[in-house]
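Structure data follow from upload.cif (mmCIF, C-alpha atoms):
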```cif
data_entry
#
loop_
_atom_site.group_PDB
_atom_site.id
_atom_site.type_symbol
_atom_site.label_atom_id
_atom_site.label_comp_id
_atom_site.auth_asym_id
_atom_site.auth_seq_id
_atom_site.Cartn_x
_atom_site.Cartn_y
_atom_site.Cartn_z
ATOM 1 C CA MET A 1454 -24.716 18.371 -36.719
ATOM 2 C CA ASP A 1455 -23.882 14.704 -36.120
ATOM 3 C CA ILE A 1456 -20.720 14.936 -34.037
ATOM 4 C CA GLU A 1457 -19.274 11.865 -35.787
ATOM 5 C CA LEU A 1458 -19.128 13.865 -39.013
ATOM 6 C CA ALA A 1459 -16.808 16.397 -37.385
ATOM 7 C CA ARG A 1460 -14.737 13.613 -35.795
ATOM 8 C CA THR A 1461 -14.335 11.924 -39.155
ATOM 9 C CA PHE A 1462 -13.366 15.200 -40.806
ATOM 10 C CA LEU A 1463 -10.644 15.832 -38.205
ATOM 11 C CA THR A 1464 -9.295 12.289 -38.486
ATOM 12 C CA ILE A 1465 -8.943 12.646 -42.260
ATOM 13 C CA VAL A 1466 -7.184 15.975 -41.808
ATOM 14 C CA ARG A 1467 -4.729 14.437 -39.365
ATOM 15 C CA THR A 1468 -4.017 11.250 -41.348
ATOM 16 C CA GLN A 1469 -4.332 12.915 -44.782
ATOM 17 C CA SER A 1470 -6.046 9.776 -46.018
ATOM 18 C CA PHE A 1471 -9.563 8.342 -46.155
ATOM 19 C CA ILE A 1472 -8.103 4.832 -45.837
ATOM 20 C CA ARG A 1473 -6.015 5.591 -42.741
ATOM 21 C CA ALA A 1474 -8.924 7.516 -41.220
ATOM 22 C CA ALA A 1475 -11.151 4.449 -41.647
ATOM 23 C CA GLU A 1476 -8.532 2.294 -39.914
ATOM 24 C CA GLN A 1477 -8.255 4.674 -36.963
ATOM 25 C CA LEU A 1478 -12.014 5.075 -36.607
ATOM 26 C CA ASN A 1479 -12.504 1.305 -36.993
ATOM 27 C CA VAL A 1480 -15.092 1.720 -39.733
ATOM 28 C CA SER A 1481 -15.120 0.936 -43.437
ATOM 29 C CA GLN A 1482 -13.771 3.326 -46.041
ATOM 30 C CA THR A 1483 -17.292 3.423 -47.493
ATOM 31 C CA THR A 1484 -18.572 4.746 -44.153
ATOM 32 C CA VAL A 1485 -15.905 7.446 -44.077
ATOM 33 C CA SER A 1486 -16.756 8.520 -47.626
ATOM 34 C CA ALA A 1487 -20.471 8.585 -46.787
ATOM 35 C CA ARG A 1488 -19.859 10.763 -43.736
ATOM 36 C CA VAL A 1489 -17.808 13.219 -45.778
ATOM 37 C CA ARG A 1490 -20.511 13.390 -48.461
ATOM 38 C CA SER A 1491 -23.136 14.047 -45.785
ATOM 39 C CA LEU A 1492 -20.997 16.778 -44.242
ATOM 40 C CA GLU A 1493 -20.327 18.408 -47.605
ATOM 41 C CA GLU A 1494 -24.048 18.331 -48.438
ATOM 42 C CA ARG A 1495 -24.900 20.087 -45.172
ATOM 43 C CA ILE A 1496 -22.239 22.741 -45.645
ATOM 44 C CA GLY A 1497 -22.787 23.072 -49.374
ATOM 45 C CA ARG A 1498 -19.093 22.967 -50.229
ATOM 46 C CA THR A 1499 -16.485 20.360 -51.168
ATOM 47 C CA LEU A 1500 -14.085 19.888 -48.242
ATOM 48 C CA PHE A 1501 -11.463 17.477 -49.609
ATOM 49 C CA VAL A 1502 -9.555 16.872 -52.802
ATOM 50 C CA ARG A 1503 -8.701 13.176 -53.138
ATOM 51 C CA ASN A 1504 -5.727 11.988 -55.160
ATOM 52 C CA LYS A 1505 -3.194 9.148 -55.256
ATOM 53 C CA SER A 1506 -1.173 10.667 -52.431
ATOM 54 C CA GLY A 1507 -4.175 10.926 -50.086
ATOM 55 C CA ALA A 1508 -6.574 13.739 -49.231
ATOM 56 C CA SER A 1509 -5.991 17.482 -48.940
ATOM 57 C CA LEU A 1510 -8.259 20.298 -47.830
ATOM 58 C CA THR A 1511 -10.013 22.651 -50.201
ATOM 59 C CA PRO A 1512 -10.267 26.353 -49.227
ATOM 60 C CA ALA A 1513 -13.701 25.562 -47.768
ATOM 61 C CA GLY A 1514 -12.161 22.677 -45.834
ATOM 62 C CA GLU A 1515 -9.515 25.004 -44.421
ATOM 63 C CA GLN A 1516 -12.276 27.302 -43.196
ATOM 64 C CA PHE A 1517 -14.246 24.446 -41.638
ATOM 65 C CA LEU A 1518 -11.076 23.272 -39.842
ATOM 66 C CA ARG A 1519 -11.259 26.452 -37.751
ATOM 67 C CA TYR A 1520 -14.576 25.292 -36.250
ATOM 68 C CA ALA A 1521 -14.634 21.474 -36.311
ATOM 69 C CA PRO A 1522 -12.502 21.008 -33.137
ATOM 70 C CA THR A 1523 -14.859 23.354 -31.272
ATOM 71 C CA PHE A 1524 -17.905 21.248 -32.208
ATOM 72 C CA VAL A 1525 -16.299 18.067 -30.915
ATOM 73 C CA GLN A 1526 -14.855 19.627 -27.766
ATOM 74 C CA LEU A 1527 -18.101 21.383 -26.818
ATOM 75 C CA TRP A 1528 -19.978 18.104 -27.126
ATOM 76 C CA GLU A 1529 -17.483 16.273 -24.911
ATOM 77 C CA ARG A 1530 -17.495 19.140 -22.428
ATOM 78 C CA ALA A 1531 -21.276 19.079 -22.225
ATOM 79 C CA ARG A 1532 -21.281 15.289 -21.819
ATOM 80 C CA HIS A 1533 -18.784 15.519 -18.947
ATOM 81 C CA GLN A 1534 -20.642 18.263 -17.123
ATOM 82 C CA VAL A 1535 -24.009 16.550 -17.391
ATOM 83 C CA ALA A 1536 -22.387 13.540 -15.699
ATOM 84 C CA VAL A 1537 -20.967 15.521 -12.724
ATOM 85 C CA PRO A 1538 -21.128 13.240 -9.647
ATOM 86 C CA PRO A 1539 -23.317 14.358 -6.715
ATOM 87 C CA GLY A 1540 -21.519 16.694 -4.344
ATOM 88 C CA HIS A 1541 -19.223 18.113 -7.022
ATOM 89 C CA ARG A 1542 -19.563 21.247 -9.124
ATOM 90 C CA ALA A 1543 -17.463 20.229 -12.143
ATOM 91 C CA VAL A 1544 -15.398 17.455 -13.708
ATOM 92 C CA LEU A 1545 -11.764 17.735 -14.802
ATOM 93 C CA ALA A 1546 -10.452 15.008 -17.102
ATOM 94 C CA ILE A 1547 -6.646 14.754 -17.150
ATOM 95 C CA GLY A 1548 -4.193 12.321 -18.682
ATOM 96 C CA GLY A 1549 -0.458 11.855 -18.558
ATOM 97 C CA GLU A 1550 2.316 9.794 -20.029
ATOM 98 C CA LEU A 1551 3.258 6.749 -17.979
ATOM 99 C CA ILE A 1552 6.685 8.070 -16.984
ATOM 100 C CA LEU A 1553 5.126 11.256 -15.588
ATOM 101 C CA TRP A 1554 2.706 9.666 -13.148
ATOM 102 C CA HIS A 1555 5.409 8.984 -10.582
ATOM 103 C CA PRO A 1556 5.972 11.138 -8.667
ATOM 104 C CA TRP A 1557 4.572 14.363 -10.134
ATOM 105 C CA MET A 1558 1.122 13.338 -11.266
ATOM 106 C CA LEU A 1559 0.557 11.218 -8.168
ATOM 107 C CA GLU A 1560 1.459 14.171 -5.920
ATOM 108 C CA TRP A 1561 -0.780 16.428 -7.983
ATOM 109 C CA LEU A 1562 -3.699 14.018 -7.623
ATOM 110 C CA HIS A 1563 -3.411 14.074 -3.822
ATOM 111 C CA TRP A 1564 -3.118 17.866 -3.901
ATOM 112 C CA MET A 1565 -6.251 18.284 -6.009
ATOM 113 C CA ARG A 1566 -8.317 16.099 -3.691
ATOM 114 C CA THR A 1567 -7.245 18.265 -0.749
ATOM 115 C CA THR A 1568 -7.276 21.703 -2.400
ATOM 116 C CA ALA A 1569 -10.296 21.402 -4.694
ATOM 117 C CA PRO A 1570 -12.483 18.565 -3.346
ATOM 118 C CA GLU A 1571 -15.504 19.991 -5.155
ATOM 119 C CA ILE A 1572 -13.928 19.093 -8.505
ATOM 120 C CA ALA A 1573 -14.425 15.495 -9.632
ATOM 121 C CA LEU A 1574 -11.387 14.009 -11.358
ATOM 122 C CA ARG A 1575 -11.101 11.589 -14.240
ATOM 123 C CA VAL A 1576 -7.516 10.479 -14.714
ATOM 124 C CA GLN A 1577 -5.774 8.104 -17.083
ATOM 125 C CA VAL A 1578 -2.355 7.034 -18.280
ATOM 126 C CA ASP A 1579 -1.688 6.510 -21.966
ATOM 127 C CA LEU A 1580 0.771 6.882 -24.803
ATOM 128 C CA PRO A 1581 1.391 10.333 -26.351
ATOM 129 C CA GLY A 1582 -0.625 9.682 -29.527
ATOM 130 C CA PRO A 1583 -3.893 8.670 -27.831
ATOM 131 C CA LEU A 1584 -3.502 11.438 -25.235
ATOM 132 C CA MET A 1585 -3.130 14.061 -27.950
ATOM 133 C CA GLU A 1586 -6.136 12.644 -29.780
ATOM 134 C CA GLN A 1587 -8.313 12.795 -26.668
ATOM 135 C CA VAL A 1588 -7.375 16.414 -25.903
ATOM 136 C CA THR A 1589 -8.104 17.365 -29.511
ATOM 137 C CA ASN A 1590 -11.504 15.670 -29.316
ATOM 138 C CA GLY A 1591 -12.338 17.168 -25.919
ATOM 139 C CA VAL A 1592 -12.356 13.823 -24.100
ATOM 140 C CA LEU A 1593 -9.509 15.138 -21.913
ATOM 141 C CA ASP A 1594 -9.345 18.690 -20.619
ATOM 142 C CA LEU A 1595 -5.617 18.468 -19.992
ATOM 143 C CA ALA A 1596 -2.717 16.128 -20.760
ATOM 144 C CA ILE A 1597 0.842 16.254 -19.426
ATOM 145 C CA MET A 1598 3.293 15.273 -22.137
ATOM 146 C CA TYR A 1599 6.879 15.538 -23.291
ATOM 147 C CA ALA A 1600 6.544 16.102 -27.049
ATOM 148 C CA PRO A 1601 3.030 17.300 -27.981
ATOM 149 C CA GLN A 1602 1.943 18.067 -31.503
ATOM 150 C CA GLN A 1603 0.391 21.387 -32.438
ATOM 151 C CA ARG A 1604 -3.225 20.788 -33.456
ATOM 152 C CA PRO A 1605 -6.319 22.886 -34.035
ATOM 153 C CA GLY A 1606 -8.412 23.322 -30.913
ATOM 154 C CA VAL A 1607 -5.607 22.876 -28.365
ATOM 155 C CA ARG A 1608 -3.057 25.086 -26.679
ATOM 156 C CA VAL A 1609 0.330 24.037 -25.356
ATOM 157 C CA GLU A 1610 1.994 25.502 -22.248
ATOM 158 C CA LEU A 1611 5.519 24.815 -21.020
ATOM 159 C CA LEU A 1612 5.485 23.461 -17.460
ATOM 160 C CA LEU A 1613 9.116 22.613 -16.847
ATOM 161 C CA GLU A 1614 12.411 22.242 -18.669
ATOM 162 C CA GLU A 1615 13.697 19.000 -17.244
ATOM 163 C CA LYS A 1616 17.246 17.800 -17.807
ATOM 164 C CA LEU A 1617 18.520 14.401 -18.941
ATOM 165 C CA VAL A 1618 21.900 13.494 -17.446
ATOM 166 C CA LEU A 1619 24.331 10.628 -17.979
ATOM 167 C CA VAL A 1620 24.727 8.447 -14.892
ATOM 168 C CA THR A 1621 26.591 5.233 -14.170
ATOM 169 C CA THR A 1622 26.890 2.647 -11.427
ATOM 170 C CA ASP A 1623 30.709 2.654 -11.805
ATOM 171 C CA PRO A 1624 32.353 5.797 -10.341
ATOM 172 C CA ASP A 1625 35.473 5.243 -12.502
ATOM 173 C CA VAL A 1626 33.570 5.427 -15.807
ATOM 174 C CA THR A 1627 34.419 8.515 -17.891
ATOM 175 C CA GLY A 1628 31.953 7.950 -20.705
ATOM 176 C CA PRO A 1629 29.270 5.558 -21.984
ATOM 177 C CA ALA A 1630 30.760 2.123 -22.715
ATOM 178 C CA PRO A 1631 28.829 0.336 -25.512
ATOM 179 C CA GLU A 1632 28.982 -3.033 -23.738
ATOM 180 C CA ASN A 1633 26.931 -1.889 -20.707
ATOM 181 C CA TYR A 1634 25.156 1.200 -22.022
ATOM 182 C CA VAL A 1635 21.351 1.378 -21.850
ATOM 183 C CA TYR A 1636 19.907 3.684 -24.488
ATOM 184 C CA VAL A 1637 16.529 5.133 -23.516
ATOM 185 C CA ASP A 1638 14.597 6.532 -26.461
ATOM 186 C CA TRP A 1639 13.599 9.967 -25.184
ATOM 187 C CA GLY A 1640 12.314 11.068 -28.595
ATOM 188 C CA PRO A 1641 13.664 12.339 -31.938
ATOM 189 C CA GLU A 1642 15.288 15.520 -30.586
ATOM 190 C CA PHE A 1643 17.220 13.581 -27.944
ATOM 191 C CA SER A 1644 18.167 10.975 -30.539
ATOM 192 C CA SER A 1645 19.630 13.648 -32.811
ATOM 193 C CA HIS A 1646 21.668 15.310 -30.051
ATOM 194 C CA HIS A 1647 22.787 11.948 -28.698
ATOM 195 C CA ALA A 1648 24.020 10.807 -32.113
ATOM 196 C CA MET A 1649 26.144 13.947 -32.462
ATOM 197 C CA ALA A 1650 27.568 13.622 -28.953
ATOM 198 C CA PHE A 1651 28.243 9.863 -29.113
ATOM 199 C CA PRO A 1652 28.672 8.737 -32.729
ATOM 200 C CA GLU A 1653 30.448 5.601 -31.503
ATOM 201 C CA ILE A 1654 27.232 4.294 -29.933
ATOM 202 C CA GLY A 1655 25.230 3.927 -33.097
ATOM 203 C CA ASN A 1656 23.746 0.521 -32.273
ATOM 204 C CA PRO A 1657 23.591 -0.071 -28.504
ATOM 205 C CA GLY A 1658 22.912 -3.545 -27.172
ATOM 206 C CA ILE A 1659 19.949 -2.480 -25.034
ATOM 207 C CA VAL A 1660 17.338 0.024 -26.194
ATOM 208 C CA VAL A 1661 14.380 0.994 -24.002
ATOM 209 C CA GLY A 1662 11.545 2.799 -25.747
ATOM 210 C CA GLY A 1663 9.515 5.386 -23.878
ATOM 211 C CA LEU A 1664 9.904 4.051 -20.330
ATOM 212 C CA GLY A 1665 12.999 5.426 -18.650
ATOM 213 C CA LEU A 1666 12.116 3.804 -15.321
ATOM 214 C CA LEU A 1667 12.657 0.357 -16.857
ATOM 215 C CA GLY A 1668 16.156 1.295 -18.022
ATOM 216 C CA LEU A 1669 16.969 2.913 -14.694
ATOM 217 C CA ASN A 1670 15.905 -0.140 -12.687
ATOM 218 C CA TYR A 1671 17.927 -2.329 -15.031
ATOM 219 C CA ILE A 1672 21.214 -0.523 -14.404
ATOM 220 C CA LEU A 1673 20.505 -0.210 -10.672
ATOM 221 C CA GLU A 1674 20.179 -3.989 -10.479
ATOM 222 C CA GLY A 1675 22.772 -5.093 -13.017
ATOM 223 C CA GLY A 1676 25.100 -2.121 -13.478
ATOM 224 C CA GLY A 1677 25.708 0.103 -16.467
ATOM 225 C CA SER A 1678 25.099 3.662 -17.614
ATOM 226 C CA GLY A 1679 22.465 5.690 -19.425
ATOM 227 C CA TYR A 1680 20.638 9.005 -19.716
ATOM 228 C CA PHE A 1681 17.815 9.613 -17.250
ATOM 229 C CA ARG A 1682 15.770 12.464 -15.804
ATOM 230 C CA GLN A 1683 17.880 14.412 -13.328
ATOM 231 C CA ARG A 1684 15.176 14.677 -10.662
ATOM 232 C CA VAL A 1685 14.586 10.926 -10.762
ATOM 233 C CA VAL A 1686 18.246 9.952 -10.363
ATOM 234 C CA GLU A 1687 19.140 12.573 -7.712
ATOM 235 C CA PRO A 1688 18.148 10.313 -4.754
ATOM 236 C CA HIS A 1689 20.258 7.474 -6.188
ATOM 237 C CA ILE A 1690 23.210 9.834 -6.651
ATOM 238 C CA ALA A 1691 22.839 11.038 -3.069
ATOM 239 C CA SER A 1692 22.827 7.433 -1.812
ATOM 240 C CA GLY A 1693 25.929 6.548 -3.836
ATOM 241 C CA LYS A 1694 24.167 3.998 -6.060
ATOM 242 C CA LEU A 1695 24.664 6.169 -9.137
ATOM 243 C CA HIS A 1696 27.294 8.688 -10.206
ATOM 244 C CA LEU A 1697 27.168 11.543 -12.692
ATOM 245 C CA VAL A 1698 29.607 11.051 -15.566
ATOM 246 C CA ALA A 1699 31.893 14.074 -15.389
ATOM 247 C CA GLY A 1700 32.078 16.111 -18.575
ATOM 248 C CA ALA A 1701 29.170 14.333 -20.279
ATOM 249 C CA PRO A 1702 26.665 16.623 -22.020
ATOM 250 C CA SER A 1703 23.180 17.003 -20.594
ATOM 251 C CA PHE A 1704 20.059 17.452 -22.696
ATOM 252 C CA PHE A 1705 16.923 19.484 -22.008
ATOM 253 C CA TYR A 1706 13.647 17.585 -21.920
ATOM 254 C CA PRO A 1707 10.672 19.961 -21.544
ATOM 255 C CA VAL A 1708 7.353 18.935 -20.011
ATOM 256 C CA TYR A 1709 4.176 20.489 -21.442
ATOM 257 C CA ALA A 1710 0.534 20.897 -20.510
ATOM 258 C CA VAL A 1711 -1.749 20.379 -23.507
ATOM 259 C CA CYS A 1712 -5.188 21.892 -22.957
ATOM 260 C CA SER A 1713 -8.488 21.692 -24.772
ATOM 261 C CA MET A 1714 -9.548 25.156 -25.949
ATOM 262 C CA GLN A 1715 -13.103 24.501 -24.757
ATOM 263 C CA SER A 1716 -12.201 23.503 -21.201
ATOM 264 C CA ASP A 1717 -13.105 25.665 -18.211
ATOM 265 C CA ASP A 1718 -10.270 28.187 -17.778
ATOM 266 C CA GLU A 1719 -10.779 28.333 -14.011
ATOM 267 C CA LEU A 1720 -10.355 24.569 -13.656
ATOM 268 C CA LEU A 1721 -7.316 24.544 -15.909
ATOM 269 C CA GLN A 1722 -5.705 27.372 -13.955
ATOM 270 C CA ILE A 1723 -6.142 25.485 -10.671
ATOM 271 C CA ALA A 1724 -4.705 22.296 -12.163
ATOM 272 C CA ILE A 1725 -1.752 23.949 -13.898
ATOM 273 C CA GLU A 1726 -0.787 26.086 -10.890
ATOM 274 C CA GLY A 1727 -0.610 22.949 -8.776
ATOM 275 C CA LEU A 1728 1.431 21.107 -11.405
ATOM 276 C CA ARG A 1729 3.906 23.959 -11.802
ATOM 277 C CA ALA A 1730 4.483 24.187 -8.055
ATOM 278 C CA ILE A 1731 4.900 20.429 -7.606
ATOM 279 C CA MET A 1732 7.324 20.177 -10.513
ATOM 280 C CA ALA A 1733 9.341 23.111 -9.159
ATOM 281 C CA ASP A 1734 9.484 21.440 -5.714
ATOM 282 C CA GLN A 1735 7.584 24.338 -4.156
ATOM 283 C CA PRO A 1736 4.538 24.163 -1.873
ATOM 284 C CA PRO A 1737 1.539 24.181 -4.256
ATOM 285 C CA PRO A 1738 -0.854 27.152 -3.974
ATOM 286 C CA ARG A 1739 -3.831 26.524 -1.751
#
```

Will you turn the file into structure tokens for me?
Amino acid sequence: MDIELARTFLTIVRTQSFIRAAEQLNVSQTTVSARVRSLEERIGRTLFVRNKSGASLTPAGEQFLRYAPTFVQLWERARHQVAVPPGHRAVLAIGGELILWHPWMLEWLHWMRTTAPEIALRVQVDLPGPLMEQVTNGVLDLAIMYAPQQRPGVRVELLLEEKLVLVTTDPDVTGPAPENYVYVDWGPEFSSHHAMAFPEIGNPGIVVGGLGLLGLNYILEGGGSGYFRQRVVEPHIASGKLHLVAGAPSFFYPVYAVCSMQSDDELLQIAIEGLRAIMADQPPPR
């Protein structure tokens, strides 16, 4: 089977639209329709029902969805392993969100080079959407993320339940003051809990999307308050640059490993064990 047929099928399933699938695949809608027709001819069944609201799966399409991610992931896995660099026995492709690369992912990278030098590494930083897409398609074996989506062909494992805490540069502050509050968008769940806890801060003057380190550096330089990852602010609290706001609620912010179902379980186990130990501030297994 042409692997692009399976990729196109999965993109339509995810977007629920031939038009949006064409936009994401950077091809014409005619090309998408032609690929679906070719796939349906090979299988001998209609896979999609198209209507004004988009595209939905037929019963045959639901059955094919059980296997399509495997086709794509096996192809990517084979492509990676054929390209194993000399002196290595396997390749592990891993990605992570930008705010996770320092310090955890950086420490993990050093640990892997020392502990498993026979494993070649391909690493990248990206946004959650592209990372999820690449794990689903088998381009990445593993991605470290905060809010992964459940998709066919992937499994999600909890690595750590991190905590978001309210800190301030002013030790006399008893709560977030709208005039110097920095709101970091930690995702929809945080947004919901934050709105219930602080209804008076409905429209903060500074909003930082997806990069807590930017907001943290801003208040360290210019003063203010905001919610940040506890492990990141602990050194600044210890030095007296930041202070926990007494009585302020904290919010859980779990970190997940998202794995391709077709990846080598031995490689994944090595990688995840190291990540768990580093995130728990324990000596990684060797």

Review point. Using all atoms listed in the file, which residue out of A:Gly1514, A:Gly1693, A:Gly1497, A:Gly1591 lies closest to Arg1530 of chain A?
Key: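 Using all atoms listed in the file, the shortest distance to Arg1530 of chain A belongs to A:Gly1591.
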
Correct to one decimal, the distance atom CA of Pro1657 of chain A-atom CA of Leu1553 of chain A is 25.2 Å

task: Please measure the separation of atom CA of Val1618 of chain A and atom CA of Gln1603 of chain A, giving the value in Å to one decimal.
output: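 Computing the Euclidean distance for atom CA of Val1618 of chain A and atom CA of Gln1603 of chain A yields 27.4 Å.
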
| Near Gly1676 of chain A, within 10 Å and counting only C-alpha atoms, which residues show up once chain neighbours fewer than 4 positions away are dropped, as a ChimeraX atom specification? | /A:1621-1623,1633-1635,1669-1672,1694-1695

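For the pair atom CA of Ala1596 of chain A and atom CA of Asn1479 of chain A, the interatomic distance is 24.1 Å.
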
Val1544 of chain A surroundings by only C-alpha atoms, 7 Å radius, close-in-sequence under 4 positions cut, as a ChimeraX atom specification
/A:1533-1534,1537,1572-1574

For the provided coordinates, the residues matched by the PyMOL selection byres ((chain A and resi 1636) around 12) should be stated as a PyMOL selection string. chain A and resi 1619-1620+1629-1635+1637-1640+1643-1644+1647-1648+1651+1654-1665+1667-1669+1671-1672+1677-1681

Would you write out those residues with C-alpha atoms, as a short mmCIF file (atom, residue, chain, number, x, y, z; two decimals), keeping the file's coordinate frame?
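Written file, selection.cif:
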```
data_model
loop_
_atom_site.label_atom_id
_atom_site.label_comp_id
_atom_site.auth_asym_id
_atom_site.auth_seq_id
_atom_site.Cartn_x
_atom_site.Cartn_y
_atom_site.Cartn_z
CA LEU A 1619 24.33 10.63 -17.98
CA VAL A 1620 24.73 8.45 -14.89
CA PRO A 1629 29.27 5.56 -21.98
CA ALA A 1630 30.76 2.12 -22.72
CA PRO A 1631 28.83 0.34 -25.51
CA GLU A 1632 28.98 -3.03 -23.74
CA ASN A 1633 26.93 -1.89 -20.71
CA TYR A 1634 25.16 1.20 -22.02
CA VAL A 1635 21.35 1.38 -21.85
CA VAL A 1637 16.53 5.13 -23.52
CA ASP A 1638 14.60 6.53 -26.46
CA TRP A 1639 13.60 9.97 -25.18
CA GLY A 1640 12.31 11.07 -28.60
CA PHE A 1643 17.22 13.58 -27.94
CA SER A 1644 18.17 10.98 -30.54
CA HIS A 1647 22.79 11.95 -28.70
CA ALA A 1648 24.02 10.81 -32.11
CA PHE A 1651 28.24 9.86 -29.11
CA ILE A 1654 27.23 4.29 -29.93
CA GLY A 1655 25.23 3.93 -33.10
CA ASN A 1656 23.75 0.52 -32.27
CA PRO A 1657 23.59 -0.07 -28.50
CA GLY A 1658 22.91 -3.54 -27.17
CA ILE A 1659 19.95 -2.48 -25.03
CA VAL A 1660 17.34 0.02 -26.19
CA VAL A 1661 14.38 0.99 -24.00
CA GLY A 1662 11.54 2.80 -25.75
CA GLY A 1663 9.52 5.39 -23.88
CA LEU A 1664 9.90 4.05 -20.33
CA GLY A 1665 13.00 5.43 -18.65
CA LEU A 1667 12.66 0.36 -16.86
CA GLY A 1668 16.16 1.30 -18.02
CA LEU A 1669 16.97 2.91 -14.69
CA TYR A 1671 17.93 -2.33 -15.03
CA ILE A 1672 21.21 -0.52 -14.40
CA GLY A 1677 25.71 0.10 -16.47
CA SER A 1678 25.10 3.66 -17.61
CA GLY A 1679 22.46 5.69 -19.42
CA TYR A 1680 20.64 9.01 -19.72
CA PHE A 1681 17.82 9.61 -17.25
#
```

**OP:** Taking the file above as input, evaluate the PyMOL selection byres ((chain A and resi 1709) around 9) and report the hits as a count of residues only.
**Re:** 16

- Task: Would you translate the PyMOL selection byres ((chain A and resi 1503) around 12) into the concrete set of residues it matches in this file, as a VMD selection string?
- Result: chain A and resid 1465 to 1466 1469 to 1472 1486 1489 1499 to 1502 1504 to 1511
